Every structure is written in C-alpha cells, then in structure tokens.
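**Student:** Take this structure first; my questions come after.
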Amino acid sequence: MAKIIVEVALKPEILDPQGQAVASALPRLGFTFATSVRQGKRFEIEVAGEVTPAMLADIEQAAQTLLSNPVIETYVVKVEA
Amino acid sequence: MAKIIVEVALKPEILDPQGQAVASALPRLGFTFATSVRQGKRFEIEVAGEVTPAMLADIEQAAQTLLSNPVIETYVVKVEA
Amino acid sequence: MKIGVVTFPGSLDDRDAARAVERAGGIAVPLWHGSDDLKEVQAVILPGGFSYGDYLRCGAISRFAPVMKSIILAAEHGFPVLGICNGFQVLTEAHMLPGALTRNQGLHFLCTDQKLRIENNESMWTSGFEKNEEIVIPLKNGEGSFQCDDETLAMLEGEGRVVVRYLGQDPNGSRNLIAGISNARGNVVGLMPHPEHAIETLTGPSEDGLTFFTSILHQMVGR
Amino acid sequence: MSLDTVAHAQANPDSKQPYAELGLKDDEYAHIKEILGRRPTSSELAMYSVMWSEHCSYKSSKVHLKQFGDKAPHSDALLVGIGENAGVVDIGQGYAVTFKIESHNHPSFIEPYQGAATGVGGIVRDILTMGARPIAVMDPLRFGPADAPDTHRVLPGIVAGIGGYGNCLGLPNLGGEIVFDETYAGNPLVNALCVGVMRHEDIKLAKAHGTGNLVVLFGAKTGGDGIGGVSVLASETFNAAKPTKRPSVQVGDPFAEKVLIECCLEIFAADLVIGIQDLGGAGLSCATSELASAGSGGMDIQLEKVPLRDPSLSPEEILMSESQERMCAIVEPSKIKHFLGICRKWDVTATVIGEVTDGTRLNITFNGDLIVDVPPRTVAHDGPVYNRPFAEPNYIKALPGSSFSVPLPTTPAEIKAAILKLMSSPNMADKSWVTSQYDKYVQGNSVLAQPEDSGMIRIDEQTNLGVAISTDANARWSYLNPYEGAKLALAESCRNIAVTGAKPLAVSNCLNFGSPEDPDVMWQFAETVRGLADACLELGLPVTGGNVSFYNQTGTVAILPTPVIAVLGVIQDVRERTPMGISRDGLELFLFGATDQNFSGSEWAYLHGELGNVAPLSDLAMEARLIELLLEGQPLFESAHDLSNGGLAASLSEMVLRHGIGANVQLESIASALLVETPGRVLVAVDPSATEAISGLAAKFNIPVTKIGVTGGAELNINGAAISITELRAAFTETFPKLFG
Ligand SMILES: Nc1ncnc2c1ncn2[C@@H]1O[C@H](COP(=O)(O)OP(=O)(O)O)[C@@H](O)[C@H]1O
Ligand SMILES: [Mg+2]
C-alpha cells in the first residue's frame with residue numbers, strides 16, 4: 001500500500017487571506033520568526049498496490065481537475081515510501 | 001531567506017468530511033486509484049536569516065498552539081533548503 | 001444584573017446577544033477583545049460570528065485575546081460563561097471545554113430552524129428549562145460538527161455534560177448529535193445553535209432561546 | 001526602469017502607445033491628446049482607458065439612462081439621487097435608507113466562488129460609502145440549464161461565494177432569484193443587492209472639498225488584482241523583460257471588509273470625513289478622479305505612499321489595481337489623528353497619500369516625478385458618449401402568429417401530474433438547498449426572508465418601522481417585448497412589496513444585456529429603459545440608481561434581456577406584516593385580479609419547449625389600484641401571496657407548503673386558470689368573517705375578486721385532484737439536492 005501526497009498552493013500572485021491571518025496573529029503571540037505565511041492544502045491519498053506510471057498520470061489528472069483549481073492554484077504530486 | 005513547512009493533519013480517528021468528499025468524487029470522475037483520502041493543511045512560512053535552534057523551538061511552539069489544535073490534529077515541522 | 005458580551009474583530013451576533021440579555025431583563029455590557037477588563041460583569045457571553053475571519057480554525061486566534069485570559073481565570077472559579085457558535089469554538093480552542101468543532105459533514109454552511117432537546121437542565125444557562133424539553137432555535141454555521149475521542153465522549157455522556165442534543169435529521173455529523181456541552185462544574189456552556197435569534201417570533205422561529213438568558217439571570221439572583 | 005513622466009511625454013510626443021490594446025478607439029485617443037494638449041503619459045493613458053471603458057463610463061447606455069432623470073416623478077422621499085454611489089431615500093422618523101444592485105457576471109464565470117464573493121463585497125462598500133450601516137443583501141442569479149455540466153461547476157461555487165462573503169460580514173440574505181435558461185449557459189448572471197440604513201444627517205458623499213484636506217487610503221494593501229488590461233501597457237511600454245504575472249482573479253477577504261465596515265461606522269459616528277469613496281472598478285484612478293471631479297478644487301497624490309502587497313507594481317498598475325476591501329476618505333488635518341487612531345483600533349492600515357488643492361488639476365507624482373496631470377472631470381465624468389444604432393430585431397417580426405399551444409390539464413389525474421411536474425421543475429422547485437447556505441438571522445431584524453415575497457427588515461426596535469425589498473425580472477417577457485417586460489417586472493416587484501403590507505417607495509435596477517454593438521441588443525436595451533422610465537413615472541417611483549452590464553453573451557448568442565428590478569418599500573409597523581403561508585384551517589381563499597389565456601413566456605410553456613409570441617400588456621393603473629387595495633386591506637389578510645411564475649398552481653402550492661396546511665380549491669375553466677401567468681393577481685387568505693369586507697375592497701378599487709376555496713386538511717385539492725402535502729413537498733424539495741448533491 002503506497003501513499004501519494006498532493007500539495008496544493010495558491011499561486012503566489014493570488015491574495016491569501018488565510019495565510020495573512022496567521023501571519024498577523026503570530027507576532028501578537030510573541031512569535032517573530034515569520035516574514036510571510038501562505039496556507040495551502042495537503043491531500044494524503046492511499047492507493048492499493050504499486051504506483052504505476054498509468055496511475056501517476058491519473059493522479060496528475062485528478063490533481064489538476066479536482067484537487068486544485070488551476071485558475072488560482074498550483075499543485076505538486078509526491079510519492080511517499 | 002529560509003522556508004519552513006508546517007504540515008497539519010487530522011488525527012486518524014477524527015471524521016474528515018472533506019477528504020471523504022474527495023474520495024467519493026474521484027470514482028465518479030473515473031479515477032479508481034484511491035483507497036482513502038485525507039485532507040490536511042500546509043503552511044509555508046518564510047523566515048528571515050538562518051534557521052536557528054531557538055527559532056525552530058519557537059516554530060514548534062507556534063505549530064502546537066496556533067497552527068494546529070492538538071485535540072484533533074497532529075503536525076510536522078520541516079525545514080526547506 | 002450585568003452580563004458582558006465580548007466583541008472580537010469579526011464577531012457578528014454580539015448585538016443580538018446583547019439584545020437577548022436585555023430582553024431577559026439583564027443589563028448587557030460590551031466587552032472588547034483587546035482589554036482584560038471584565039467591567040464587573042457577573043457572567044460573559046462569547047457571541048457568534050467569524051472572529052478573525054475564522055480562516056485558520058474557528059476560534060483559534062481569538063482564544064489568545066487579552067479578554068480571554070481574564071475569562072479563563074474567572075471561569076476556573078465558577079464564573080458563568082456561555083459560548084454560542086463561534087463562542088463555543090473559542091471555548092474548545094481555549095480548552096475550557098473538551099472536543100472540537102469541525103467542518104459540517106455536508107461541507108456547506110447551514111442555516112436552519114433546528115429542533116433540539118435539553119438534556120441537562122442543571123447547568124447555569126439551562127436551569128429554566130424542563131428536563132428533556134424540546135425547543136426550536138436557529139442553527140447557522142459552517143463548522144459545527146462536534147468531534148472528540150471516544151474517551152471524552154464517554155465522559156461527557158457519563159457525567160451528564162451533554163446539555164443540548166440535535167433532534168430529527170443529523171444536521172452536521174456531530175458525535176452523538178451533540179449540540180452543546182458544559183464543563184464539569186456547569187458554569188461554562190458551549191452551544192452551536194443560536195438562542196439569541198429565537199427571542200421573539202417576529203424575527204426568529206420561536207421564543208425558546210430566551211430561557212437560556214433568563215436561566216442565568218435567575219441563577220445569579222439566587223446567589 | 002524609466003518612468004513615463006509628464007516631462008517625458010512632452011519631450012517624446014511621438015512614442016507609440018498601446019491605446020488600442022487598452023480598448024480605446026482612435027478618436028478617443030485623439031480626444032485625450034486634445035484634452036491634455038500632448039500625448040498622455042502611460043499612467044494617464046491607463047486612467048483614461050479604464051475610466052472610459054463601458055463598465056465605468058456607461059458610454060453606450062448614458063443617452064438612454066437619462067430618461068430616468070427626465071421622466072422622474074416628483075418624490076419627496078429622494079434624498080440622494082442617481083450619480084452618487086447609491087441613491088438614498090427618506091423612510092421617515094429621521095431614517096434614510098440606501099440600496100443598490102450591481103452585477104458581477106463575468107468574474108463569476110471565470111472563478112465562481114471568488115467572483116460572487118467579491119461581487120457582494122463591492123456592493124456592500126457602495127452602501128457603506130454613503131455613510132450607512134449595511135443591513136441586508138440579496139442575490140438574483142441566472143444560470144444555464146440545471147442539468148448542464150457547467151452549471152454544476154458555477155452554481156455551487158457562486159452560492160458558496162455569496163454565502164461565504166455575506167455570512168462572514170454578518171449581513172442577512174433576505175432573498176434573490178434563481179432562474180435557469182439556455183441563454184445563460186456560458187454567461188451566468190450574478191447580481192448582488194445591498195441595503196443600508198443611516199440617520200439623515202449621516203449621509204456621506206464622494207466629494208473632495210477644502211484645500212489642504214488630506215486624502216487617506218485605508219483598508220487592504222494594494223496588490224496586482226484585476227489589472228489585466230493595464231499589464232499590457234506596463235509590459236509593452238517599459239519593461240517587457242520584467243516578469244509581470246498579475247492575477248486573473250480577485251480574491252475576497254470578508255474579514256478585512258468586516259473590520260473595514262466597523263472602522264468606517266466608528267469614523268462616521270465621530271464625524272471625521274468630508275467625503276468618502278470606495279475603491280471598486282478602476283481602483284485608485286476612479287476614486288481619486290471622482291472625488292476630485294465632484295469636489296471644488298484639485299488634488300495632489302503621492303503614489304509611492306500607497307501601501308503595497310506586491311512591491312513589484314508599476315505606478316500604472318497601482319493606479320489601476322482593483323484590489324478589494326479599500327476605501328478613500330477626505331479628512332481635515334485637525335481630525336487625522338483621531339481618524340488614524342480608529343483605524344489602528346480595528347487593525348486597518350491607513351495612509352495619507354495626498355491632499356486637496358485649490359487648483360483644478362489632479363496631479364499624481366511617483367517619488368517626486370509628475371506622472372499624471374489631468375483635469376479630473378475629463379477622466380471621471382466627461383467620458384465618451386455613444387448613440388449606438390438600434391433597430392427592432394428580425395426575431396420580433398418572425399415571432400409566430402397565433403399558432404402556439406401547450407397541453408393543458410383537465411382531468412384530476414392530469415391536474416395532479418401537471419402540478420407535480422411544475423413544482424419539481426428547477427425554476428419552480430424549492431431553493432432551500434441554496435438559501436440554507438445563507439445566514440438570514442444575523443442582526444436579529446429579519447422579519448421576512450426567503451421564501452417570502454419580499455425581504456423585510458426592522459429598522460427601529462422601538463417604533464417597529466421597517467423596509468421591504470424585492471427583486472424581479474421576467475426575461476422571457478422582456479425578450480418578447482422589452483418595453484412591456486420592464487414595466488411588468490417593476491409591477492411584479494411592487495406587488496411583492498405590497499402583499500407584505502409595505503408601500504413601494506423607490507427603485508434600483510441592474511440591466512443585464514448582450515453586446516451594445518449589436519443593434520438587436522441595443523434595441524432591447526433602449527426599449528427596456530424606456531419601459532422602466534415610463535413605468536416609474538406612472539407608478540410615481542423614483543429610480544435611485546442602478547447598474548448596466550453589457551457583453552453578456554456566449555459567442556454571438558446574447559442572453560435573454562434581463563432587467564432585474566429592485567423595489568424598496570416602507571412599512572410603519574413590521575409586526576403587522578403579512579406572510580405568504582397559510583397559517584390555519586378554515587380560512588377563505590380569494591383571488592384578486594382577472595385571469596386571461598395568454599401562455600406566452602410562461603413557465604408551463606417553457607416546460608413544453610415553447611416561448612409563445614405576445615407578452616402580456618401591463619396595466620399599471622390597475623396595478624396601482626391593486627397596490628392600494630393590498631395596503632388598505634392588509635389588516636384583513638392572514639396571508640397574501642403574489643401570482644407570478646407558475647401562476648395560480650405555483651402560488652397555491654407555495655402557500656400550502658409553507659406550514660403544511662392544505663386547501664380545497666374549485667376553479668372554473670380549470671385548464672387555463674391553473675397555469676396561466678396573467679400579471680396583476682394576488683391570492684389572499686382571510687377569516688370567513690371578512691368575506692364582506694373583501695368584496696367591498698374589490699369594488700372600491702375596481703379589482704375583480706373570486707373566492708376560490710378554503711384552507712385546511714393535509715392535501716391540496718383542486719377540482720377533485722387531491723395531492724397530499726407529503727407528495728407535493730417531496731416533488732418540490734427533491735429537485736435541488738438531486739441536481740447538486
Ligand atoms: N441602470 C441604471 N439606472 C439608474 N442609474 C444607473 C444605472 N446604471 C448606473 N446608474 C448610476 O450611474 C452611477 C454610476 O454607476 P456605477 O459605476 O455602477 O457606480 P459605482 O461607481 O458606485 O460602482 C451610479 O450612480 C448608478 O446608480
Ligand atoms: Mg461605488
């Protein structure tokens with residue numbers, strides 16, 4: 001049983017109110033380390049059996065159409081051990 | 001300028017309706033690869049200067065108190081190149 | 001009888017909660033999130049809304065507000081606190097109540113007239129109800145699904161700390177249809193539905209909500 | 001990087017400029033040169049191009065919209081009329097109400113959630129700008145066929161976006177419309193209405209007065225949002241090498257807007273602004289030029305002071321950015337400290353970016369270099385005006401004669417089947433899948449909300465003064481006859497107000513059409529405006545403002561002409577309002593108004609693939625009498641419901657479903673009476689003791705009345721066709737969940 005991770009992030013030029021909310025909360029709590037925060041999504045997908053190239057192509061496709069919104073987001077697919 | 005990633009996931013025993021919605025949408029779109037899907041969050045934090053142990057301790061602390069809710073979530077902190 | 005109503009940035013139902021307090025016969029005192037001064041109120045309501053936009057987790061940022069420090073401290077000594085919707089979320093984030101409120105199972109914001117049963121009429125905020133009384137008040141939220149681990153659930157049920165339960169069709173996937181709970185002492189109560197929107201039939205589905213506010217006023221007078 | 005300063009423009013008169021790419025015509029560009037006596041700088045070109053666009057200048061519609069002023073009836077209620085951000089009407093007791101409706105159609109097609117969300121954000125800022133506290137929103141929507149794949153992409157996103165933004169602002173959503181039609185398939189309509197309330201003395205205007213007063217920009221930081229056209233310019237003229245990657249989508253931040261609202265209201269309460277303007281389309285270009293143009297002098301702006309989210313923005317882009325959640329205020333120097341203090345309290349970024357001058361020019365510098373030097377009026381108010389050609393389209397001439405028929409039910413079995421078919425069709429079915437995603441309770445003053453005929457809000461808790469609002473359009477009638485269509489939409493909206501017991505007071509509108517360059521569409525538009533202006537005059541209602549949305553088409557196919565009319569009414573005591581649902585057994589049902597046999601444009605015809613030929617003719621004198629009847633008879637009515645789409649069948653079904661109390665109805669000429677949509681009709685339920693009073697009313701106002709049945713039981717029974725409420729409810733409620741999950 002393998003695990004696929006799809007990370008979805010807002011394109012850098014798109015406003016990220018969620019990340020901003022975190023960025024402005026941090027210093028109020030005394031945390032000064034961050035110069036910027038962006039918030040994205042992370043999908044952990046368990047797949048049965050081996051990860052084949054055909055399956056990866058499918059996952060790419062799903063990441064592009066369902067898991068992310070290409071108008072405002074980008075995605076990365078990663079295969080975990 | 002370094003980048004820190006904090007990944008936050010729902011604990012396995014906590015209901016994840018978003019992940020479930022994705023899991024049931026996939027086969028409707030003809031994607032049959034997934035046996036389970038969980039949806040989590042991913043914070044990309046840019047920090048100024050080098051990542052010191054003191055800073056990492058701070059980030060741990062922020063991840064635990066602000067970025068995640070230990071009642072329902074777990075987190076991982078990663079330093080990116 | 002003075003009851004404080006806290007305004008966080010993004011609070012929405014603060015004026016409604018104040019109106020409910022006044023209608024019940026109390027005096028509503030506005031409290032500001034940025035000040036730890038509780039202005040000598042005898043109880044506090046954390047109202048509904050989207051504090052800080054609720055972009056991270058609902059209530060996650062508000063719980064660090066200066067006013068919360070005072071409230072947490074006072075509550076440990078029996079000071080009555082009612083968290084409604086976002087207020088409930090703040091209370092769980094602040095670990096004043098167990099569990100957490102998560103995304104509705106249907107994944108949509110849901111605004112509906114919700115049937116409920118009062119499971120516990122011994123808390124400071126529900127003492128005016130009959131036990132097992134059935135009421136209808138609005139439910140409106142996107143993240144109202146009450147979740148906790150099995151052990152916590154057993155404890156809440158075992159100690160009778162489930163204050164209000166959903167009746168009829170499950171609105172959001174909450175464990176054991178939990179709509180509201182209290183702390184062990186019964187002074188801190190969190191509710192997902194909105195009693196402050198059911199205080200007159202002109203603008204709400206019933207007047208059932210008013211009893212939450214008259215309950216606390218009677219409790220305080222009795223002291 | 002070289003800056004195209006005024007001096008540079010003077011020294012290089014022949015530099016080629018990408019005016020055509022920015023949407024300016026040759027003669028418009030020549031006119032700009034004439035105004036300035038030189039070629040514009042790139043910043044000036046950017047400002048003119050966006051302010052002279054159809055969207056901002058109303059260049060195709062202006063000549064027609066004039067009628068709203070020319071034909072305006074006298075109205076004592078109008079405190080601020082057309083021309084400001086939103087009109088303001090007097091509702092008595094010292095209260096003023098402002099309302100406006102605007103479109104966000106195209107952005108919602110591109111990115112449904114954010115497009116709809118920012119649509120709500122924009123209209124709310126227009127209302128706030130007038131000095132008012134926003135108190136409610138509404139959302140008339142149009143989509144392609146309910147089962148079309150793209151509808152499944154756009155509808156859930158648009159609904160979630162409207163809810164996501166409006167709920168987070170704490171604005172109850174009181175109503176709207178959801179209509180499906182093929183012509184909206186590639187071009188959904190997202191119109192958003194906001195209403196706000198203030199005391200008379202708190203009305204604010206977008207004017208920059210007083211030399212030395214400060215120009216303050218406050219709210220969100222400026223990013224590269226929504227400046228597509230202008231990035232063309234930035235990259236073409238200067239630094240083609242720079243990677244200008246500007247977002248194609250604006251993202252709304254409702255929390256930022258919520259604190260902006262509270263911050264503004266506190267600033268208004270302390271009387272700290274001379275003038276104020278929201279930043280919407282055309283951003284800072286629009287706000288500065290409009291404020292200066294409406295004011296008494298000139299204005300100096302130091303553009304480098306604008307706080308940026310994206311430091312790579314060029315001056316042209318800063319001027320054009322349509323970043324959301326920003327406002328611009330004119331503040332006296334003595335009050336600036338107090339002003340900035342309130343902004344700090346709410347964590348709102350506020351920056352002084354310039355001042356009002358005693359000159360006549362809008363001067364903008366960037367790090368000391370003069371990049372804009374224009375007469376503000378030429379940018380904001382003296383844009384081009386077109387008399388676009390229009391002519392009656394061929395399709396009108398080609399409408400079929402009388403050869404149009406739809407099957408009509410007569411037997412009980414047919415009647416039952418017809419009603420179930422009608423009430424489960426997407427246009428008629430229960431909309432709670434959508435409306436339950438909207439908060440209708442917040443603020444605690446919602447007296448009526450969807451599915452009632454109009455939304456109603458209590459304004460004053462002591463006196464129970466309130467307002468009612470309704471939005472309506474009937475695009476199929478408008479297609480058949482745009483002049484009558486507009487009149488009928490206004491009549492329907494007024495009727496929706498009057499059935500609740502409120503008196504119609506003022507009108508706003510959002511006119512959604514195809515391309516103005518198409519003479520057919522332009523004719524539809526011209527006829528619509530003529531019809532609406534005539535109808536407003538006849539009913540004595542002022543138009544307080546509105547919005548025009550052109551270019552709503554997929555390829556060469558225009559949407560149905562869709563003038564969405566919003567009417568605001570006043571009710572002295574909201575406790576007296578009449579709801580639509582049948583509240584108890586034993587009431588008598590009366591139908592006011594006459595029923596004819598014209599099925600053109602009706603829902604029943606649409607369900608059979610027919611449009612018909614002749615739209616109903618409006619009878620506004622009768623509508624006015626009906627409104628008076630409703631207001632006078634209001635104490636008698638236990639419930640009242642307007643007849644519109646789906647005719648009597650739909651209204652009866654909706655009335656019995658509201659509280660699950662049935663009715664027994666007997667109709668003559670059942671076949672047509674049940675499903676025809678003759679305008680000017682209302683159904684009321686009254687106690688039997690009021691029967692005589694009802695005939696008295698009907699006689700007094702010369703409106704036909706028919707007793708059609710009594711309430712009670714667990715079924716809707718029409719001429720022997722018995723439909724159990726359970727069955728009817730199932731048909732009515734299952735459609736949307738089935739379609740959208
Ligand atoms: N269809 C219309 N009917 C009446 N007034 C209109 C109409 N369309 C636009 N207006 C008026 O023209 C002015 C400019 O409109 P608009 O550009 O939408 O305003 P804003 O700049 O506030 O967005 C407003 O006062 C508006 O009310
Ligand atoms: Mg405006």
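All residue names refer to the structure tokens as shown: chains lettered A, B, ... in order, residues numbered from 1 in each chain, ligands numbered from 1 in order.
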Report as a list of chain:residue names all protein, DNA and RNA residues lying within 8 Å of range 74-77 of chain A, evaluated on only C-alpha atoms, omitting residues in the same chain fewer than 5 positions from it.

**Tutor:** A:Ile4, A:Ile5, A:Val6, A:Glu7, A:Val8, A:Ala9, A:Leu10, A:Lys11, A:Ile59, A:Glu60, A:Ala63, A:Gln64, A:Ser68, A:Asn69

**Student:** Show me which residues sit within 7 Å of ligand 2 when counting only C-alpha atoms and all ligand atoms, and put them as a PDB file with N, CA and C atoms, in the first residue's frame.

**Tutor:**
```
ATOM      1  N   ASN D  85     -22.755  57.020  -5.322  1.00  0.00           N
ATOM      2  CA  ASN D  85     -22.513  55.582  -5.247  1.00  0.00           C
ATOM      3  C   ASN D  85     -23.804  54.789  -5.134  1.00  0.00           C
ATOM      4  N   ASP D 126     -20.240  50.035  -1.642  1.00  0.00           N
ATOM      5  CA  ASP D 126     -21.005  51.153  -2.215  1.00  0.00           C
ATOM      6  C   ASP D 126     -21.999  51.704  -1.196  1.00  0.00           C
ATOM      7  N   GLN D 277     -15.128  57.616  -0.656  1.00  0.00           N
ATOM      8  CA  GLN D 277     -15.399  56.856  -1.871  1.00  0.00           C
ATOM      9  C   GLN D 277     -14.783  55.471  -1.701  1.00  0.00           C
ATOM     10  N   ASP D 278     -15.539  54.454  -2.126  1.00  0.00           N
ATOM     11  CA  ASP D 278     -14.969  53.113  -2.083  1.00  0.00           C
ATOM     12  C   ASP D 278     -14.104  52.902  -3.314  1.00  0.00           C
ATOM     13  N   LEU D 279     -13.233  51.923  -3.241  1.00  0.00           N
ATOM     14  CA  LEU D 279     -12.435  51.577  -4.415  1.00  0.00           C
ATOM     15  C   LEU D 279     -13.018  50.310  -5.021  1.00  0.00           C
ATOM     16  N   GLY D 280     -13.571  50.476  -6.203  1.00  0.00           N
ATOM     17  CA  GLY D 280     -14.135  49.309  -6.877  1.00  0.00           C
ATOM     18  C   GLY D 280     -13.474  49.190  -8.223  1.00  0.00           C
TER      19      GLY D 280
END
```

**Student:** As number ranges by chain, please: every protein or nucleic acid residue near ligand 1 (cut-off 9 Å, counting only C-alpha atoms and all ligand atoms).

**Tutor:** D: 55-58, 61-62, 65-66, 68-69, 81-87, 100-103, 122-123, 125-127, 129, 277-281, 286-287, 290, 507-511, 529, 543-549, 563

**Student:** What are the DSSP alpha helix (DSSP H) residues of chain B, as a list of chain:residue names?

**Tutor:**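 The alpha helix (DSSP H) residues within chain B come out as B:Pro17, B:Gln18, B:Gly19, B:Gln20, B:Ala21, B:Val22, B:Ala23, B:Ser24, B:Ala25, B:Leu26, B:Pro27, B:Arg28, B:Pro53, B:Ala54, B:Met55, B:Leu56, B:Ala57, B:Asp58, B:Ile59, B:Glu60, B:Gln61, B:Ala62.
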
**Student:** Please, could you write that set of residues out with C-alpha atoms as a compact mmCIF listing (two decimals), in the first residue's frame?

**Tutor:**
```txt
# COMPACT_ATOMS: atom_id res chain seq x y z
CA PRO B 17 -15.71 15.10 5.59
CA GLN B 18 -13.55 16.99 3.11
CA GLY B 19 -11.30 14.02 2.48
CA GLN B 20 -14.36 11.81 2.23
CA ALA B 21 -15.95 14.12 -0.31
CA VAL B 22 -12.83 13.89 -2.46
CA ALA B 23 -12.69 10.13 -2.05
CA SER B 24 -16.23 9.74 -3.27
CA ALA B 25 -15.86 12.27 -6.09
CA LEU B 26 -12.81 10.51 -7.59
CA PRO B 27 -14.56 7.36 -8.79
CA ARG B 28 -17.42 9.46 -10.19
CA PRO B 53 17.56 26.10 17.10
CA ALA B 54 15.87 28.84 19.10
CA MET B 55 13.78 29.76 16.10
CA LEU B 56 12.87 26.13 15.49
CA ALA B 57 11.75 25.82 19.08
CA ASP B 58 9.54 28.86 18.55
CA ILE B 59 8.11 27.37 15.39
CA GLU B 60 7.37 24.08 17.18
CA GLN B 61 5.59 26.09 19.81
CA ALA B 62 3.53 28.04 17.27
```

**Student:** I want to know what sits within 6 Å of range 727-733 of chain D, based on only C-alpha atoms, with residues of the same chain fewer than 6 positions away left out; could you give that as number ranges by chain?

**Tutor:** D: 423-424, 429-430

**Student:** For Gln219 in chain C, find every residue with an atom within 10 Å (counting only C-alpha atoms), except residues of its own chain fewer than 2 positions away, and show them as number ranges by chain.

**Tutor:** C: 80, 123-128, 214-217, 221-223

**Student:** With 6 Å as the limit and counting only C-alpha atoms, what residues in chain B lie close to chain A? Please list them as a PyMOL selection string.

**Tutor:** chain B and resi 33-47

**Student:** With only C-alpha atoms as the counted atoms, please give the residues lying no more than 8 Å from Glu196 in chain C, apart from itself and same-chain residues fewer than 2 positions off, as a list in words.

**Tutor:** Asp16, Ala17, Arg19, Ala20, His194, Ala198, Ile199, Gly209 and Leu210 of chain C

**Student:** Against chain D, which residues of chain A fall within 7 Å? For each one I want the closest pair of atoms and the distance in Å (one decimal), counting only C-alpha atoms, rows by chain and increasing residue number, as a Markdown table.

**Tutor:**
```
| residue | atom | partner | partner_atom | distance |
| --- | --- | --- | --- | --- |
| A:Glu13 | CA | D:Pro247 | CA | 5.6 |
| A:Ile14 | CA | D:Pro247 | CA | 5.9 |
| A:Leu15 | CA | D:Val251 | CA | 5.8 |
| A:Pro17 | CA | D:Asp253 | CA | 5.8 |
```

**Student:** Pick out the chain D residues within 6 Å of chain C. Count only C-alpha atoms. Give them as a ChimeraX atom specification.

**Tutor:** /D:168,170,255,436-437,439,444-447

**Student:** Select, from C:Pro66, C:Pro47, C:Gly180, C:Gly186, the residue with the minimum atom-to-atom distance to Asn86 in chain C, counting only C-alpha atoms.

**Tutor:**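 Smallest distance to Asn86 in chain C is found for C:Pro47.
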
**Student:** From a DSSP calculation on the backbone, collect every residue of range 99-256 of chain D in strand (DSSP E or B) and output the set as an NGL selection string.

**Tutor:** :D and (99-103 or 133-143 or 173-180 or 189-199 or 214-219 or 222)

**Student:** Could you save those same residues with N, CA and C atoms as a compact mmCIF listing (two decimals), in the first residue's frame?

**Tutor:**
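For reference, selection_35.txt as written:
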```
# COMPACT_ATOMS: atom_id res chain seq x y z
N PHE D 99 -29.97 51.74 -1.11
CA PHE D 99 -29.88 50.38 -1.64
C PHE D 99 -29.43 50.44 -3.09
N LYS D 100 -28.76 49.40 -3.52
CA LYS D 100 -28.29 49.36 -4.89
C LYS D 100 -28.01 47.93 -5.29
N ILE D 101 -28.10 47.69 -6.58
CA ILE D 101 -27.86 46.35 -7.09
C ILE D 101 -26.83 46.43 -8.21
N GLU D 102 -25.91 45.49 -8.20
CA GLU D 102 -24.83 45.50 -9.19
C GLU D 102 -24.54 44.10 -9.69
N SER D 103 -23.91 44.02 -10.85
CA SER D 103 -23.61 42.72 -11.45
C SER D 103 -22.15 42.34 -11.23
N ARG D 133 -24.99 51.92 7.61
CA ARG D 133 -24.64 50.58 8.05
C ARG D 133 -25.36 49.60 7.13
N PRO D 134 -24.58 48.72 6.45
CA PRO D 134 -25.23 47.71 5.61
C PRO D 134 -26.06 46.79 6.50
N ILE D 135 -27.31 46.48 6.07
CA ILE D 135 -28.16 45.67 6.93
C ILE D 135 -28.70 44.41 6.26
N ALA D 136 -28.55 44.28 4.96
CA ALA D 136 -29.01 43.04 4.32
C ALA D 136 -28.49 42.97 2.89
N VAL D 137 -28.47 41.75 2.37
CA VAL D 137 -28.11 41.55 0.96
C VAL D 137 -29.16 40.66 0.30
N MET D 138 -29.16 40.71 -1.03
CA MET D 138 -30.00 39.81 -1.84
C MET D 138 -29.20 39.43 -3.08
N ASP D 139 -29.59 38.32 -3.71
CA ASP D 139 -28.76 37.85 -4.81
C ASP D 139 -29.56 37.23 -5.96
N PRO D 140 -30.04 38.04 -6.89
CA PRO D 140 -30.69 37.49 -8.09
C PRO D 140 -29.65 36.81 -8.99
N LEU D 141 -29.90 35.54 -9.32
CA LEU D 141 -28.93 34.75 -10.09
C LEU D 141 -29.61 34.13 -11.31
N ARG D 142 -28.84 33.94 -12.38
CA ARG D 142 -29.32 33.25 -13.58
C ARG D 142 -28.25 32.25 -14.02
N PHE D 143 -28.70 31.06 -14.39
CA PHE D 143 -27.77 30.02 -14.82
C PHE D 143 -28.25 29.35 -16.11
N ASN D 173 -29.09 37.44 4.38
CA ASN D 173 -29.51 37.35 2.99
C ASN D 173 -31.01 37.12 3.00
N LEU D 174 -31.75 38.06 2.43
CA LEU D 174 -33.20 38.03 2.56
C LEU D 174 -33.92 37.49 1.34
N GLY D 175 -33.20 37.31 0.25
CA GLY D 175 -33.89 36.81 -0.94
C GLY D 175 -33.06 36.99 -2.17
N GLY D 176 -33.67 36.66 -3.29
CA GLY D 176 -32.97 36.76 -4.56
C GLY D 176 -33.75 35.97 -5.57
N GLU D 177 -33.09 35.52 -6.60
CA GLU D 177 -33.77 34.73 -7.62
C GLU D 177 -32.79 33.68 -8.12
N ILE D 178 -33.33 32.56 -8.56
CA ILE D 178 -32.54 31.55 -9.25
C ILE D 178 -33.34 31.10 -10.45
N VAL D 179 -32.85 31.41 -11.63
CA VAL D 179 -33.57 31.08 -12.85
C VAL D 179 -32.61 30.37 -13.79
N PHE D 180 -33.10 29.31 -14.42
CA PHE D 180 -32.30 28.57 -15.37
C PHE D 180 -32.82 28.82 -16.79
N LEU D 189 -25.54 34.97 -14.62
CA LEU D 189 -25.68 36.32 -14.06
C LEU D 189 -25.62 36.26 -12.54
N VAL D 190 -24.74 37.06 -11.99
CA VAL D 190 -24.65 37.19 -10.54
C VAL D 190 -24.88 38.66 -10.22
N ASN D 191 -26.07 38.97 -9.77
CA ASN D 191 -26.38 40.34 -9.36
C ASN D 191 -26.44 40.33 -7.84
N ALA D 192 -25.94 41.37 -7.24
CA ALA D 192 -25.95 41.43 -5.77
C ALA D 192 -26.53 42.77 -5.33
N LEU D 193 -27.41 42.70 -4.38
CA LEU D 193 -28.04 43.91 -3.85
C LEU D 193 -27.66 44.07 -2.39
N CYS D 194 -27.44 45.33 -2.00
CA CYS D 194 -27.21 45.58 -0.57
C CYS D 194 -28.08 46.76 -0.16
N VAL D 195 -28.56 46.72 1.06
CA VAL D 195 -29.33 47.83 1.61
C VAL D 195 -28.70 48.26 2.92
N GLY D 196 -28.71 49.57 3.14
CA GLY D 196 -28.11 50.10 4.36
C GLY D 196 -28.98 51.18 4.96
N VAL D 197 -28.76 51.46 6.22
CA VAL D 197 -29.58 52.46 6.90
C VAL D 197 -28.70 53.45 7.66
N MET D 198 -29.17 54.67 7.73
CA MET D 198 -28.45 55.72 8.48
C MET D 198 -29.45 56.78 8.92
N ARG D 199 -29.01 57.71 9.75
CA ARG D 199 -29.82 58.88 10.05
C ARG D 199 -29.57 59.90 8.93
N LEU D 214 -6.83 66.20 3.75
CA LEU D 214 -5.96 65.07 3.40
C LEU D 214 -6.73 63.95 2.70
N VAL D 215 -6.03 63.31 1.79
CA VAL D 215 -6.60 62.15 1.11
C VAL D 215 -6.03 60.90 1.79
N VAL D 216 -6.91 60.10 2.37
CA VAL D 216 -6.45 58.92 3.11
C VAL D 216 -6.93 57.65 2.41
N LEU D 217 -6.00 56.76 2.16
CA LEU D 217 -6.34 55.45 1.62
C LEU D 217 -6.33 54.48 2.79
N PHE D 218 -7.42 53.73 2.97
CA PHE D 218 -7.41 52.79 4.10
C PHE D 218 -8.08 51.48 3.74
N GLY D 219 -7.71 50.44 4.50
CA GLY D 219 -8.20 49.10 4.19
C GLY D 219 -7.05 48.22 3.73
N THR D 222 -2.59 47.26 -1.45
CA THR D 222 -2.83 47.19 -2.88
C THR D 222 -1.97 46.10 -3.51
```
